[in-house]
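As provided, target_39.pdb (PDB, C-alpha atoms) reads as follows.
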```pdb
ATOM      1  CA  MET A  62      11.171  25.145  -1.157
ATOM      2  CA  THR A  63      14.260  27.287  -1.141
ATOM      3  CA  ASP A  64      12.350  30.115   0.401
ATOM      4  CA  PRO A  65      14.522  31.815   2.992
ATOM      5  CA  SER A  66      13.507  31.050   6.503
ATOM      6  CA  GLY A  67      10.979  33.497   7.722
ATOM      7  CA  THR A  68       7.397  33.817   8.746
ATOM      8  CA  SER A  69       6.027  32.915   5.352
ATOM      9  CA  SER A  70       8.248  29.859   5.264
ATOM     10  CA  LEU A  71       7.067  28.831   8.704
ATOM     11  CA  VAL A  72       3.455  29.231   7.671
ATOM     12  CA  ARG A  73       4.018  27.176   4.562
ATOM     13  CA  ARG A  74       5.845  24.491   6.459
ATOM     14  CA  SER A  75       3.080  24.356   9.043
ATOM     15  CA  MET A  76       0.490  24.048   6.317
ATOM     16  CA  ALA A  77       2.427  21.297   4.578
ATOM     17  CA  PHE A  78       2.784  19.506   7.896
ATOM     18  CA  GLY A  79      -0.919  19.835   8.564
ATOM     19  CA  VAL A  80      -1.844  18.500   5.142
ATOM     20  CA  LEU A  81       0.482  15.521   5.545
ATOM     21  CA  VAL A  82      -0.780  14.707   9.033
ATOM     22  CA  THR A  83      -4.348  14.903   7.780
ATOM     23  CA  GLY A  84      -3.490  12.588   4.922
ATOM     24  CA  LEU A  85      -1.785  10.151   7.247
ATOM     25  CA  VAL A  86      -4.668  10.083   9.702
ATOM     26  CA  GLY A  87      -6.999   9.530   6.767
ATOM     27  CA  LEU A  88      -4.926   6.607   5.633
ATOM     28  CA  LEU A  89      -4.875   5.088   9.118
ATOM     29  CA  VAL A  90      -8.632   5.375   9.310
ATOM     30  CA  LEU A  91      -8.891   3.833   5.872
ATOM     31  CA  GLY A  92      -6.689   1.049   7.162
ATOM     32  CA  GLY A  93      -9.094   0.560  10.036
ATOM     33  CA  THR A  94     -11.782  -0.302   7.551
ATOM     34  CA  ASP A  95      -9.473  -2.900   5.987
ATOM     35  CA  TRP A  96     -10.003  -1.146   2.716
ATOM     36  CA  SER A  97      -8.833  -3.008  -0.334
ATOM     37  CA  GLY A  98      -6.866  -5.784   1.208
ATOM     38  CA  LEU A  99      -4.685  -4.028   3.704
ATOM     39  CA  TYR A 100      -4.466  -7.197   5.720
ATOM     40  CA  ALA A 101      -4.220  -9.579   2.842
ATOM     41  CA  VAL A 102      -0.873 -10.854   3.915
ATOM     42  CA  GLU A 103      -1.816 -10.984   7.504
ATOM     43  CA  SER A 104      -4.553 -13.421   6.714
ATOM     44  CA  VAL A 105      -1.855 -15.799   5.673
ATOM     45  CA  PRO A 106       0.316 -17.457   8.247
ATOM     46  CA  ASN A 107       3.355 -15.331   7.854
ATOM     47  CA  GLU A 108       6.601 -15.985   9.572
ATOM     48  CA  PRO A 109       6.050 -19.626  10.085
ATOM     49  CA  GLY A 110       8.394 -22.022  11.670
ATOM     50  CA  GLY A 111       7.209 -24.832   9.493
ATOM     51  CA  GLU A 112       7.263 -25.675   5.860
ATOM     52  CA  ARG A 113       5.257 -23.826   3.317
ATOM     53  CA  GLY A 114       1.655 -24.737   3.514
ATOM     54  CA  GLU A 115       2.106 -26.434   6.812
ATOM     55  CA  THR A 116      -0.412 -24.198   8.458
ATOM     56  CA  SER A 117      -3.729 -23.547   6.922
ATOM     57  CA  GLU A 118      -4.219 -20.087   5.557
ATOM     58  CA  GLY A 119      -5.942 -17.618   7.740
ATOM     59  CA  SER A 120      -6.455 -19.927  10.641
ATOM     60  CA  THR A 121      -4.418 -18.148  13.233
ATOM     61  CA  THR A 122      -4.940 -14.696  11.953
ATOM     62  CA  THR A 123      -8.603 -14.276  11.400
ATOM     63  CA  ALA A 124      -9.271 -14.092  15.094
ATOM     64  CA  LEU A 125      -6.469 -11.610  15.566
ATOM     65  CA  GLU A 126      -7.767  -9.514  12.735
ATOM     66  CA  GLN A 127     -11.060  -9.350  14.457
ATOM     67  CA  LEU A 128      -9.253  -7.905  17.417
ATOM     68  CA  GLY A 129      -8.061  -5.100  15.207
ATOM     69  CA  VAL A 130      -4.503  -6.118  15.464
ATOM     70  CA  ALA A 131      -2.112  -4.022  13.445
ATOM     71  CA  GLY A 132      -0.256  -6.524  11.394
ATOM     72  CA  VAL A 133      -0.806  -9.973  12.664
ATOM     73  CA  SER A 134       2.418 -11.194  11.205
ATOM     74  CA  ASP A 135       4.223  -8.521  13.108
ATOM     75  CA  VAL A 136       7.260  -9.387  15.048
ATOM     76  CA  LEU A 137       5.743  -8.517  18.337
ATOM     77  CA  ARG A 138       2.594 -10.499  17.731
ATOM     78  CA  GLY A 139       4.610 -13.415  16.672
ATOM     79  CA  ASP A 140       2.820 -16.310  15.240
ATOM     80  CA  PRO A 141       1.377 -18.237  18.136
ATOM     81  CA  GLY A 142       2.814 -21.644  18.306
ATOM     82  CA  ASN A 143       5.614 -20.988  15.875
ATOM     83  CA  ARG A 144       8.056 -19.123  18.048
ATOM     84  CA  GLU A 145       9.605 -19.923  21.326
ATOM     85  CA  PRO A 146       8.903 -17.301  23.984
ATOM     86  CA  TRP A 147      12.577 -16.480  24.250
ATOM     87  CA  GLU A 148      12.703 -15.825  20.510
ATOM     88  CA  VAL A 149       9.984 -13.251  20.869
ATOM     89  CA  GLN A 150      11.790 -11.762  23.852
ATOM     90  CA  TYR A 151      14.955 -11.622  21.779
ATOM     91  CA  MET A 152      13.155  -9.689  19.055
ATOM     92  CA  TYR A 153      11.639  -7.297  21.556
ATOM     93  CA  GLY A 154      14.995  -6.801  23.188
ATOM     94  CA  VAL A 155      17.158  -6.094  20.171
ATOM     95  CA  SER A 156      14.450  -4.005  18.562
ATOM     96  CA  LEU A 157      14.135  -1.864  21.657
ATOM     97  CA  GLY A 158      17.898  -1.551  21.826
ATOM     98  CA  ALA A 159      18.004  -0.452  18.202
ATOM     99  CA  ALA A 160      15.279   2.125  18.808
ATOM    100  CA  VAL A 161      17.244   3.591  21.706
ATOM    101  CA  TRP A 162      20.426   3.630  19.628
ATOM    102  CA  VAL A 163      18.752   5.516  16.776
ATOM    103  CA  ALA A 164      17.095   7.932  19.187
ATOM    104  CA  LEU A 165      20.440   8.709  20.824
ATOM    105  CA  ARG A 166      22.143   9.180  17.463
ATOM    106  CA  LEU A 167      19.362  11.494  16.389
ATOM    107  CA  LEU A 168      19.753  13.508  19.551
ATOM    108  CA  ALA A 169      23.513  13.622  19.114
ATOM    109  CA  HIS A 170      23.476  14.680  15.478
ATOM    110  CA  TRP A 171      20.476  16.969  15.223
ATOM    111  CA  ARG A 172      19.166  19.930  17.137
ATOM    112  CA  ILE A 173      16.164  22.202  16.994
ATOM    113  CA  ASP A 174      16.917  25.651  15.695
ATOM    114  CA  PHE A 175      14.474  27.689  17.743
ATOM    115  CA  ARG A 176      14.934  30.678  15.468
ATOM    116  CA  THR A 177      13.403  28.911  12.500
ATOM    117  CA  LEU A 178      11.695  26.089  14.396
ATOM    118  CA  ALA A 179      13.425  23.573  12.168
ATOM    119  CA  LEU A 180      15.755  20.664  12.708
ATOM    120  CA  GLU A 181      19.377  21.322  11.868
ATOM    121  CA  PRO A 182      22.378  19.030  11.954
ATOM    122  CA  ARG A 183      24.696  19.893  14.794
ATOM    123  CA  GLU A 184      28.036  21.276  13.790
ATOM    124  CA  ARG A 185      29.573  18.889  16.239
ATOM    125  CA  PRO A 186      27.792  15.824  17.455
ATOM    126  CA  LEU A 187      27.362  15.352  21.152
ATOM    127  CA  PRO A 188      30.548  13.900  22.672
ATOM    128  CA  LEU A 189      29.753  10.195  22.641
ATOM    129  CA  PHE A 190      28.918  10.283  18.972
ATOM    130  CA  GLU A 191      31.766  12.375  17.714
ATOM    131  CA  ARG A 192      33.269  11.198  14.531
ATOM    132  CA  THR A 193      36.535   9.501  14.995
ATOM    133  CA  ARG A 194      38.473  12.064  13.093
ATOM    134  CA  GLU A 195      37.082  14.794  15.275
ATOM    135  CA  SER A 196      37.769  13.038  18.468
ATOM    136  CA  ARG A 197      41.089  11.737  17.398
ATOM    137  CA  ILE A 198      43.839  12.673  19.687
ATOM    138  CA  ASP A 199      47.360  12.710  18.430
ATOM    139  CA  PRO A 200      49.827  10.866  20.560
ATOM    140  CA  GLY A 201      51.154  13.192  23.137
ATOM    141  CA  THR A 202      48.478  15.768  22.570
ATOM    142  CA  GLU A 203      46.113  16.294  25.361
ATOM    143  CA  PRO A 204      42.658  17.297  24.327
ATOM    144  CA  SER A 205      42.051  20.901  25.022
ATOM    145  CA  ASP A 206      39.053  22.092  26.863
ATOM    146  CA  ASP A 207      35.913  21.127  25.087
ATOM    147  CA  GLY A 208      34.524  24.537  25.785
ATOM    148  CA  PRO A 209      31.062  25.439  26.869
TER     149      PRO A 209
ATOM    150  CA  MET B 299       9.811  -8.290   9.332
ATOM    151  CA  ALA B 300      13.261  -8.497  10.478
ATOM    152  CA  ASP B 301      14.117  -7.193  13.885
ATOM    153  CA  LEU B 302      14.663  -3.468  14.073
ATOM    154  CA  LEU B 303      18.337  -3.862  14.858
ATOM    155  CA  THR B 304      18.976  -5.583  11.538
ATOM    156  CA  HIS B 305      17.069  -2.893   9.683
ATOM    157  CA  VAL B 306      18.977  -0.112  11.365
ATOM    158  CA  LEU B 307      22.341  -1.792  10.846
ATOM    159  CA  VAL B 308      21.677  -2.350   7.155
ATOM    160  CA  ALA B 309      20.716   1.294   6.716
ATOM    161  CA  TYR B 310      23.866   2.315   8.567
ATOM    162  CA  VAL B 311      25.995   0.177   6.273
ATOM    163  CA  LEU B 312      24.301   1.427   3.099
ATOM    164  CA  ALA B 313      24.464   5.099   4.030
ATOM    165  CA  THR B 314      28.022   4.880   5.312
ATOM    166  CA  VAL B 315      29.288   3.126   2.207
ATOM    167  CA  LEU B 316      27.485   5.684   0.049
ATOM    168  CA  SER B 317      29.095   8.445   2.083
ATOM    169  CA  TRP B 318      32.466   7.254   0.791
ATOM    170  CA  ARG B 319      31.278   8.089  -2.691
ATOM    171  CA  TYR B 320      29.134  11.112  -1.880
ATOM    172  CA  ASP B 321      30.730  13.589   0.436
ATOM    173  CA  TRP B 322      27.479  15.268   1.263
ATOM    174  CA  ILE B 323      26.305  12.211   3.183
ATOM    175  CA  THR B 324      27.501  13.276   6.599
ATOM    176  CA  PRO B 325      27.078  11.343   9.865
ATOM    177  CA  PRO B 326      23.842  13.196  10.672
ATOM    178  CA  LEU B 327      22.478  12.010   7.342
ATOM    179  CA  VAL B 328      23.600   8.451   8.051
ATOM    180  CA  THR B 329      21.497   8.758  11.181
ATOM    181  CA  VAL B 330      18.607   9.955   9.035
ATOM    182  CA  ALA B 331      18.877   6.818   6.900
ATOM    183  CA  MET B 332      18.719   4.747  10.082
ATOM    184  CA  VAL B 333      15.596   6.611  11.114
ATOM    185  CA  GLY B 334      14.143   5.927   7.674
ATOM    186  CA  ALA B 335      14.771   2.231   8.158
ATOM    187  CA  ALA B 336      12.788   2.376  11.381
ATOM    188  CA  VAL B 337       9.820   4.266   9.946
ATOM    189  CA  PRO B 338       7.776   1.255   8.765
ATOM    190  CA  ASP B 339       8.127  -0.269  12.208
ATOM    191  CA  LEU B 340       6.393   2.728  13.741
ATOM    192  CA  THR B 341       3.412   0.396  13.626
ATOM    193  CA  ARG B 342       4.782  -0.633  17.017
ATOM    194  CA  VAL B 343       3.052   2.418  18.418
ATOM    195  CA  GLU B 344       0.295  -0.158  18.665
ATOM    196  CA  LEU B 345       1.982  -1.396  21.829
ATOM    197  CA  LEU B 346       1.700   2.006  23.462
ATOM    198  CA  VAL B 347      -1.508   3.237  21.905
ATOM    199  CA  PRO B 348      -3.577   0.311  20.662
ATOM    200  CA  ALA B 349      -5.665   1.032  17.608
ATOM    201  CA  GLY B 350      -8.650  -0.249  19.556
ATOM    202  CA  THR B 351      -8.209   2.539  22.084
ATOM    203  CA  ILE B 352      -8.180   5.143  19.342
ATOM    204  CA  GLU B 353     -11.250   3.601  17.780
ATOM    205  CA  ALA B 354     -13.002   3.744  21.122
ATOM    206  CA  VAL B 355     -12.066   7.373  21.693
ATOM    207  CA  LEU B 356     -12.638   8.715  18.208
ATOM    208  CA  GLY B 357     -15.396   6.397  17.174
ATOM    209  CA  VAL B 358     -13.838   5.712  13.789
ATOM    210  CA  PRO B 359     -12.095   2.612  12.481
ATOM    211  CA  PHE B 360      -8.365   2.854  12.901
ATOM    212  CA  SER B 361      -5.249   0.827  12.236
ATOM    213  CA  TRP B 362      -1.535   1.494  12.497
ATOM    214  CA  SER B 363      -0.769  -1.078   9.800
ATOM    215  CA  PRO B 364      -0.825   1.381   6.850
ATOM    216  CA  ILE B 365       2.479   2.739   8.175
ATOM    217  CA  HIS B 366       4.018  -0.553   7.097
ATOM    218  CA  ARG B 367       2.729  -0.053   3.558
ATOM    219  CA  VAL B 368       4.206   2.298   0.950
ATOM    220  CA  GLY B 369       1.373   4.799   1.306
ATOM    221  CA  GLY B 370       1.787   5.278   5.027
ATOM    222  CA  THR B 371       5.564   5.052   4.988
ATOM    223  CA  ALA B 372       5.740   7.694   2.263
ATOM    224  CA  LEU B 373       3.536  10.074   4.227
ATOM    225  CA  VAL B 374       5.547   9.618   7.413
ATOM    226  CA  VAL B 375       8.776  10.187   5.487
ATOM    227  CA  LEU B 376       7.371  13.300   3.849
ATOM    228  CA  LEU B 377       6.414  14.624   7.272
ATOM    229  CA  ALA B 378      10.114  15.186   7.844
ATOM    230  CA  GLY B 379      10.142  17.710   4.996
ATOM    231  CA  PRO B 380       8.512  20.567   6.855
ATOM    232  CA  LEU B 381      10.435  19.697  10.011
ATOM    233  CA  VAL B 382      13.888  20.393   8.603
ATOM    234  CA  SER B 383      15.255  23.575   7.135
ATOM    235  CA  ALA B 384      15.014  24.054   3.392
ATOM    236  CA  GLU B 385      18.760  23.766   3.125
ATOM    237  CA  HIS B 386      18.756  20.151   4.284
ATOM    238  CA  ARG B 387      15.295  19.072   3.212
ATOM    239  CA  ARG B 388      16.111  17.270   0.018
ATOM    240  CA  ARG B 389      19.016  15.343   1.413
ATOM    241  CA  VAL B 390      17.071  14.325   4.479
ATOM    242  CA  LEU B 391      14.209  13.050   2.354
ATOM    243  CA  VAL B 392      16.574  11.114   0.083
ATOM    244  CA  LEU B 393      18.249   9.399   3.021
ATOM    245  CA  LEU B 394      14.940   8.670   4.737
ATOM    246  CA  GLU B 395      13.749   7.052   1.534
ATOM    247  CA  LEU B 396      16.939   5.049   1.272
ATOM    248  CA  GLY B 397      16.415   3.698   4.766
ATOM    249  CA  ALA B 398      12.749   2.960   4.187
ATOM    250  CA  ILE B 399      13.416   1.182   0.903
ATOM    251  CA  SER B 400      16.075  -0.949   2.549
ATOM    252  CA  HIS B 401      13.474  -1.900   5.156
ATOM    253  CA  TYR B 402      11.067  -3.087   2.491
ATOM    254  CA  ALA B 403      13.782  -4.948   0.612
ATOM    255  CA  LEU B 404      14.820  -6.765   3.772
ATOM    256  CA  ASP B 405      11.286  -7.613   4.799
ATOM    257  CA  ALA B 406      10.488  -8.908   1.329
ATOM    258  CA  MET B 407      13.099 -11.596   1.829
ATOM    259  CA  ILE B 408      11.433 -13.040   4.896
ATOM    260  CA  TYR B 409      10.252 -16.563   4.585
ATOM    261  CA  THR B 410       6.475 -16.651   4.627
ATOM    262  CA  GLY B 411       4.189 -19.575   4.760
ATOM    263  CA  SER B 412       2.349 -18.468   1.675
ATOM    264  CA  GLY B 413       5.428 -17.597  -0.363
ATOM    265  CA  LEU B 414       3.920 -14.172  -0.886
ATOM    266  CA  THR B 415       4.979 -10.850   0.550
ATOM    267  CA  TRP B 416       2.647  -8.626   2.493
ATOM    268  CA  PRO B 417       0.641  -6.159   0.349
ATOM    269  CA  MET B 418       3.421  -3.622   0.598
ATOM    270  CA  LEU B 419       2.093  -1.358  -2.135
ATOM    271  CA  TRP B 420      -1.159  -0.628  -0.343
ATOM    272  CA  PRO B 421      -3.196   1.524  -0.863
ATOM    273  CA  LEU B 422      -2.112   1.606  -4.500
ATOM    274  CA  THR B 423      -2.729  -2.097  -4.870
ATOM    275  CA  ASP B 424      -3.021  -5.126  -2.651
ATOM    276  CA  TYR B 425      -0.693  -7.068  -4.934
ATOM    277  CA  ARG B 426       1.668  -9.411  -3.172
ATOM    278  CA  PHE B 427       4.917 -10.439  -4.691
ATOM    279  CA  GLU B 428       5.932 -14.024  -4.906
ATOM    280  CA  VAL B 429       9.106 -14.385  -2.941
ATOM    281  CA  SER B 430      10.685 -17.420  -1.487
ATOM    282  CA  GLY B 431      12.245 -15.877   1.538
ATOM    283  CA  PHE B 432      15.208 -17.250   3.324
ATOM    284  CA  TYR B 433      15.060 -16.088   6.901
ATOM    285  CA  ARG B 434      12.566 -15.777   9.691
ATOM    286  CA  SER B 435      12.148 -12.594  11.646
ATOM    287  CA  SER B 436      13.062 -14.330  14.856
ATOM    288  CA  ASP B 437      16.314 -15.652  13.412
ATOM    289  CA  ARG B 438      19.369 -14.362  15.134
ATOM    290  CA  TRP B 439      21.807 -14.554  12.279
ATOM    291  CA  PRO B 440      20.550 -11.532  10.264
ATOM    292  CA  ALA B 441      21.392  -9.186  13.124
ATOM    293  CA  LEU B 442      24.690 -10.972  13.652
ATOM    294  CA  VAL B 443      25.697 -10.787  10.008
ATOM    295  CA  SER B 444      24.592  -7.184   9.567
ATOM    296  CA  GLY B 445      26.311  -6.329  12.838
ATOM    297  CA  LEU B 446      29.587  -7.790  11.631
ATOM    298  CA  VAL B 447      29.317  -6.001   8.299
ATOM    299  CA  ALA B 448      28.483  -2.772  10.117
ATOM    300  CA  LEU B 449      31.552  -3.243  12.297
ATOM    301  CA  VAL B 450      33.786  -3.672   9.270
ATOM    302  CA  VAL B 451      32.231  -0.648   7.581
ATOM    303  CA  TRP B 452      32.590   1.393  10.749
ATOM    304  CA  MET B 453      36.269   0.501  11.020
ATOM    305  CA  ALA B 454      36.843   1.223   7.334
ATOM    306  CA  SER B 455      35.059   4.525   7.717
ATOM    307  CA  ARG B 456      37.205   5.346  10.714
ATOM    308  CA  ARG B 457      40.347   4.627   8.759
ATOM    309  CA  ARG B 458      39.174   6.728   5.867
ATOM    310  CA  SER B 459      38.245   9.686   7.996
ATOM    311  CA  THR B 460      41.427   9.664  10.014
ATOM    312  CA  SER B 461      43.678   9.242   7.017
ATOM    313  CA  GLU B 462      41.975  11.186   4.300
ATOM    314  CA  ARG B 463      39.422  13.711   5.158
ATOM    315  CA  ASP B 464      41.255  16.164   7.262
ATOM    316  CA  PRO B 465      44.576  16.453   8.933
ATOM    317  CA  PRO B 466      44.822  16.192  12.659
ATOM    318  CA  VAL B 467      43.273  19.179  14.280
ATOM    319  CA  PRO B 468      45.641  20.581  16.824
ATOM    320  CA  GLU B 469      43.056  22.376  18.810
ATOM    321  CA  ARG B 470      39.644  21.075  19.607
ATOM    322  CA  ARG B 471      36.903  23.541  19.960
TER     323      ARG B 471
END
```

Produce structure tokens that represent the structure in this file.
Amino acid sequence: MTDPSGTSSLVRRSMAFGVLVTGLVGLLVLGGTDWSGLYAVESVPNEPGGERGETSEGSTTTALEQLGVAGVSDVLRGDPGNREPWEVQYMYGVSLGAAVWVALRLLAHWRIDFRTLALEPRERPLPLFERTRESRIDPGTEPSDDGP
Amino acid sequence: MADLLTHVLVAYVLATVLSWRYDWITPPLVTVAMVGAAVPDLTRVELLVPAGTIEAVLGVPFSWSPIHRVGGTALVVLLAGPLVSAEHRRRVLVLLELGAISHYALDAMIYTGSGLTWPMLWPLTDYRFEVSGFYRSSDRWPALVSGLVALVVWMASRRRSTSERDPPVPERR
């Protein structure tokens, strides 16, 4: 793993990536067959608004399972009848906001090194995400040109 | 599952607090932990590319749900290995794992009707842990509480970095 970056490293990384992607796709296909209880929890009314046992097991989810839904208890599916529409909208909203936040942070902190075709942390984050200490300006000191 | 914001905030707090102890956890690696916390929720790709569509195109059964199980999450996390340089690989994987584990821990505490968790260890086993959760995923307070904690941690981190780590830099590059 500590192989210096080079062609052989790139080949090995590509192979590792390929193997992992193949494994992942295999697992997703396996999931599609509902192999060995993948959906076990989803056949139980998860995320209920009511007391335990208030809803009968499997009632709301069996139909959804038949639709091939990925995770019936999932936030975005909600549990029909248990959540107010605005609650679902709230979850969509903050989740989307969080996704954007993480994506921006990732962009600000990491870059692609085209020499090695690998991700590298940036030496300096993009301006909005600079660490405080880096962007700290002493009183009376104007920031110098940020440079190219 | 909790909303993604809560997951990401918790990962931010964990990684940032750990960075006080371990210098090698830099802001880019805090970001990596936040990404790790989001990995299990990649099942949301379902909204963009429904599994049914893939099944129709490829003609094989398909589901995104395994990504929200240890098997799928582990594979997605490991995918980052070949994507980063060898120099950073191990640290990136550690922080991704940290984030992903925090996601599972948080989700395990969700109140469920059955009192059982989802079969998180799939495909190793479909065992479900007995947990009496204490929040619902549509509750607002988890994001509020984690947001407040994150704010405190962020301010503490700011204080630390301005006072300790390096003296004022007279010239900015």

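Checking B:Leu381, B:Leu404, B:Leu346, B:Met418 one by one against chain A, counting all atoms listed in the file, you find the shortest gap at B:Leu381.
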
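Between atom CA of Gly445 of chain B and atom CA of Leu312 of chain B the separation is 12.6 Å.
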
Selection in question (the file shown): the PyMOL selection byres ((chain B and resi 311) around 12). Which residues does it include, as a ChimeraX atom specification? /B:304-310,312-318,325,328-329,331-332,335,396-397,400,443-455

Requested write-out: C-alpha atoms of the selected residues, as a PDB file, keeping the file's coordinate frame:
```
ATOM      1  CA  THR B 304      18.976  -5.583  11.538  1.00  0.00           C
ATOM      2  CA  HIS B 305      17.069  -2.893   9.683  1.00  0.00           C
ATOM      3  CA  VAL B 306      18.977  -0.112  11.365  1.00  0.00           C
ATOM      4  CA  LEU B 307      22.341  -1.792  10.846  1.00  0.00           C
ATOM      5  CA  VAL B 308      21.677  -2.350   7.155  1.00  0.00           C
ATOM      6  CA  ALA B 309      20.716   1.294   6.716  1.00  0.00           C
ATOM      7  CA  TYR B 310      23.866   2.315   8.567  1.00  0.00           C
ATOM      8  CA  LEU B 312      24.301   1.427   3.099  1.00  0.00           C
ATOM      9  CA  ALA B 313      24.464   5.099   4.030  1.00  0.00           C
ATOM     10  CA  THR B 314      28.022   4.880   5.312  1.00  0.00           C
ATOM     11  CA  VAL B 315      29.288   3.126   2.207  1.00  0.00           C
ATOM     12  CA  LEU B 316      27.485   5.684   0.049  1.00  0.00           C
ATOM     13  CA  SER B 317      29.095   8.445   2.083  1.00  0.00           C
ATOM     14  CA  TRP B 318      32.466   7.254   0.791  1.00  0.00           C
ATOM     15  CA  PRO B 325      27.078  11.343   9.865  1.00  0.00           C
ATOM     16  CA  VAL B 328      23.600   8.451   8.051  1.00  0.00           C
ATOM     17  CA  THR B 329      21.497   8.758  11.181  1.00  0.00           C
ATOM     18  CA  ALA B 331      18.877   6.818   6.900  1.00  0.00           C
ATOM     19  CA  MET B 332      18.719   4.747  10.082  1.00  0.00           C
ATOM     20  CA  ALA B 335      14.771   2.231   8.158  1.00  0.00           C
ATOM     21  CA  LEU B 396      16.939   5.049   1.272  1.00  0.00           C
ATOM     22  CA  GLY B 397      16.415   3.698   4.766  1.00  0.00           C
ATOM     23  CA  SER B 400      16.075  -0.949   2.549  1.00  0.00           C
ATOM     24  CA  VAL B 443      25.697 -10.787  10.008  1.00  0.00           C
ATOM     25  CA  SER B 444      24.592  -7.184   9.567  1.00  0.00           C
ATOM     26  CA  GLY B 445      26.311  -6.329  12.838  1.00  0.00           C
ATOM     27  CA  LEU B 446      29.587  -7.790  11.631  1.00  0.00           C
ATOM     28  CA  VAL B 447      29.317  -6.001   8.299  1.00  0.00           C
ATOM     29  CA  ALA B 448      28.483  -2.772  10.117  1.00  0.00           C
ATOM     30  CA  LEU B 449      31.552  -3.243  12.297  1.00  0.00           C
ATOM     31  CA  VAL B 450      33.786  -3.672   9.270  1.00  0.00           C
ATOM     32  CA  VAL B 451      32.231  -0.648   7.581  1.00  0.00           C
ATOM     33  CA  TRP B 452      32.590   1.393  10.749  1.00  0.00           C
ATOM     34  CA  MET B 453      36.269   0.501  11.020  1.00  0.00           C
ATOM     35  CA  ALA B 454      36.843   1.223   7.334  1.00  0.00           C
ATOM     36  CA  SER B 455      35.059   4.525   7.717  1.00  0.00           C
TER      37      SER B 455
END
```

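Picture a line from atom CA of Arg183 of chain A to atom CA of Arg73 of chain A; it runs 24.2 Å.
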
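Taken over the whole file, the PyMOL selection byres ((chain B and resi 414) around 10) covers exactly A:Val102, A:Val105, A:Asn107, B:Ala406, B:Met407, B:Ile408, B:Tyr409, B:Thr410, B:Gly411, B:Ser412, B:Gly413, B:Thr415, B:Trp416, B:Pro417, B:Tyr425, B:Arg426, B:Phe427, B:Glu428, B:Val429, B:Ser430, B:Gly431.
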
Please complete segment 314-324 of chain B so it has N, CA, C and O atoms, and hand it over as a PDB file, in the frame of the given file.
```pdb
ATOM      1  N   THR B 314      26.603   4.623   5.071  1.00  0.00           N
ATOM      2  CA  THR B 314      28.022   4.880   5.312  1.00  0.00           C
ATOM      3  C   THR B 314      28.848   4.584   4.065  1.00  0.00           C
ATOM      4  O   THR B 314      29.730   5.364   3.683  1.00  0.00           O
ATOM      5  N   VAL B 315      28.542   3.466   3.426  1.00  0.00           N
ATOM      6  CA  VAL B 315      29.288   3.126   2.207  1.00  0.00           C
ATOM      7  C   VAL B 315      29.032   4.187   1.127  1.00  0.00           C
ATOM      8  O   VAL B 315      29.955   4.625   0.430  1.00  0.00           O
ATOM      9  N   LEU B 316      27.789   4.629   1.024  1.00  0.00           N
ATOM     10  CA  LEU B 316      27.485   5.684   0.049  1.00  0.00           C
ATOM     11  C   LEU B 316      28.214   6.985   0.395  1.00  0.00           C
ATOM     12  O   LEU B 316      28.570   7.756  -0.491  1.00  0.00           O
ATOM     13  N   SER B 317      28.425   7.202   1.685  1.00  0.00           N
ATOM     14  CA  SER B 317      29.095   8.445   2.083  1.00  0.00           C
ATOM     15  C   SER B 317      30.550   8.464   1.612  1.00  0.00           C
ATOM     16  O   SER B 317      31.162   9.519   1.513  1.00  0.00           O
ATOM     17  N   TRP B 318      31.089   7.288   1.312  1.00  0.00           N
ATOM     18  CA  TRP B 318      32.466   7.254   0.791  1.00  0.00           C
ATOM     19  C   TRP B 318      32.489   7.824  -0.624  1.00  0.00           C
ATOM     20  O   TRP B 318      33.487   8.358  -1.080  1.00  0.00           O
ATOM     21  N   ARG B 319      31.369   7.632  -1.305  1.00  0.00           N
ATOM     22  CA  ARG B 319      31.278   8.089  -2.691  1.00  0.00           C
ATOM     23  C   ARG B 319      30.740   9.525  -2.744  1.00  0.00           C
ATOM     24  O   ARG B 319      31.178  10.324  -3.546  1.00  0.00           O
ATOM     25  N   TYR B 320      29.780   9.796  -1.875  1.00  0.00           N
ATOM     26  CA  TYR B 320      29.134  11.112  -1.880  1.00  0.00           C
ATOM     27  C   TYR B 320      29.476  11.850  -0.589  1.00  0.00           C
ATOM     28  O   TYR B 320      28.975  11.505   0.485  1.00  0.00           O
ATOM     29  N   ASP B 321      30.266  12.867  -0.736  1.00  0.00           N
ATOM     30  CA  ASP B 321      30.730  13.589   0.436  1.00  0.00           C
ATOM     31  C   ASP B 321      29.613  14.239   1.244  1.00  0.00           C
ATOM     32  O   ASP B 321      29.757  14.483   2.439  1.00  0.00           O
ATOM     33  N   TRP B 322      28.543  14.546   0.543  1.00  0.00           N
ATOM     34  CA  TRP B 322      27.479  15.268   1.263  1.00  0.00           C
ATOM     35  C   TRP B 322      26.732  14.386   2.258  1.00  0.00           C
ATOM     36  O   TRP B 322      25.966  14.885   3.077  1.00  0.00           O
ATOM     37  N   ILE B 323      26.944  13.083   2.187  1.00  0.00           N
ATOM     38  CA  ILE B 323      26.305  12.211   3.183  1.00  0.00           C
ATOM     39  C   ILE B 323      27.158  12.224   4.451  1.00  0.00           C
ATOM     40  O   ILE B 323      28.129  11.495   4.580  1.00  0.00           O
ATOM     41  N   THR B 324      26.769  13.082   5.348  1.00  0.00           N
ATOM     42  CA  THR B 324      27.501  13.276   6.599  1.00  0.00           C
ATOM     43  C   THR B 324      26.923  12.343   7.678  1.00  0.00           C
ATOM     44  O   THR B 324      25.848  11.767   7.479  1.00  0.00           O
TER      45      THR B 324
END
```
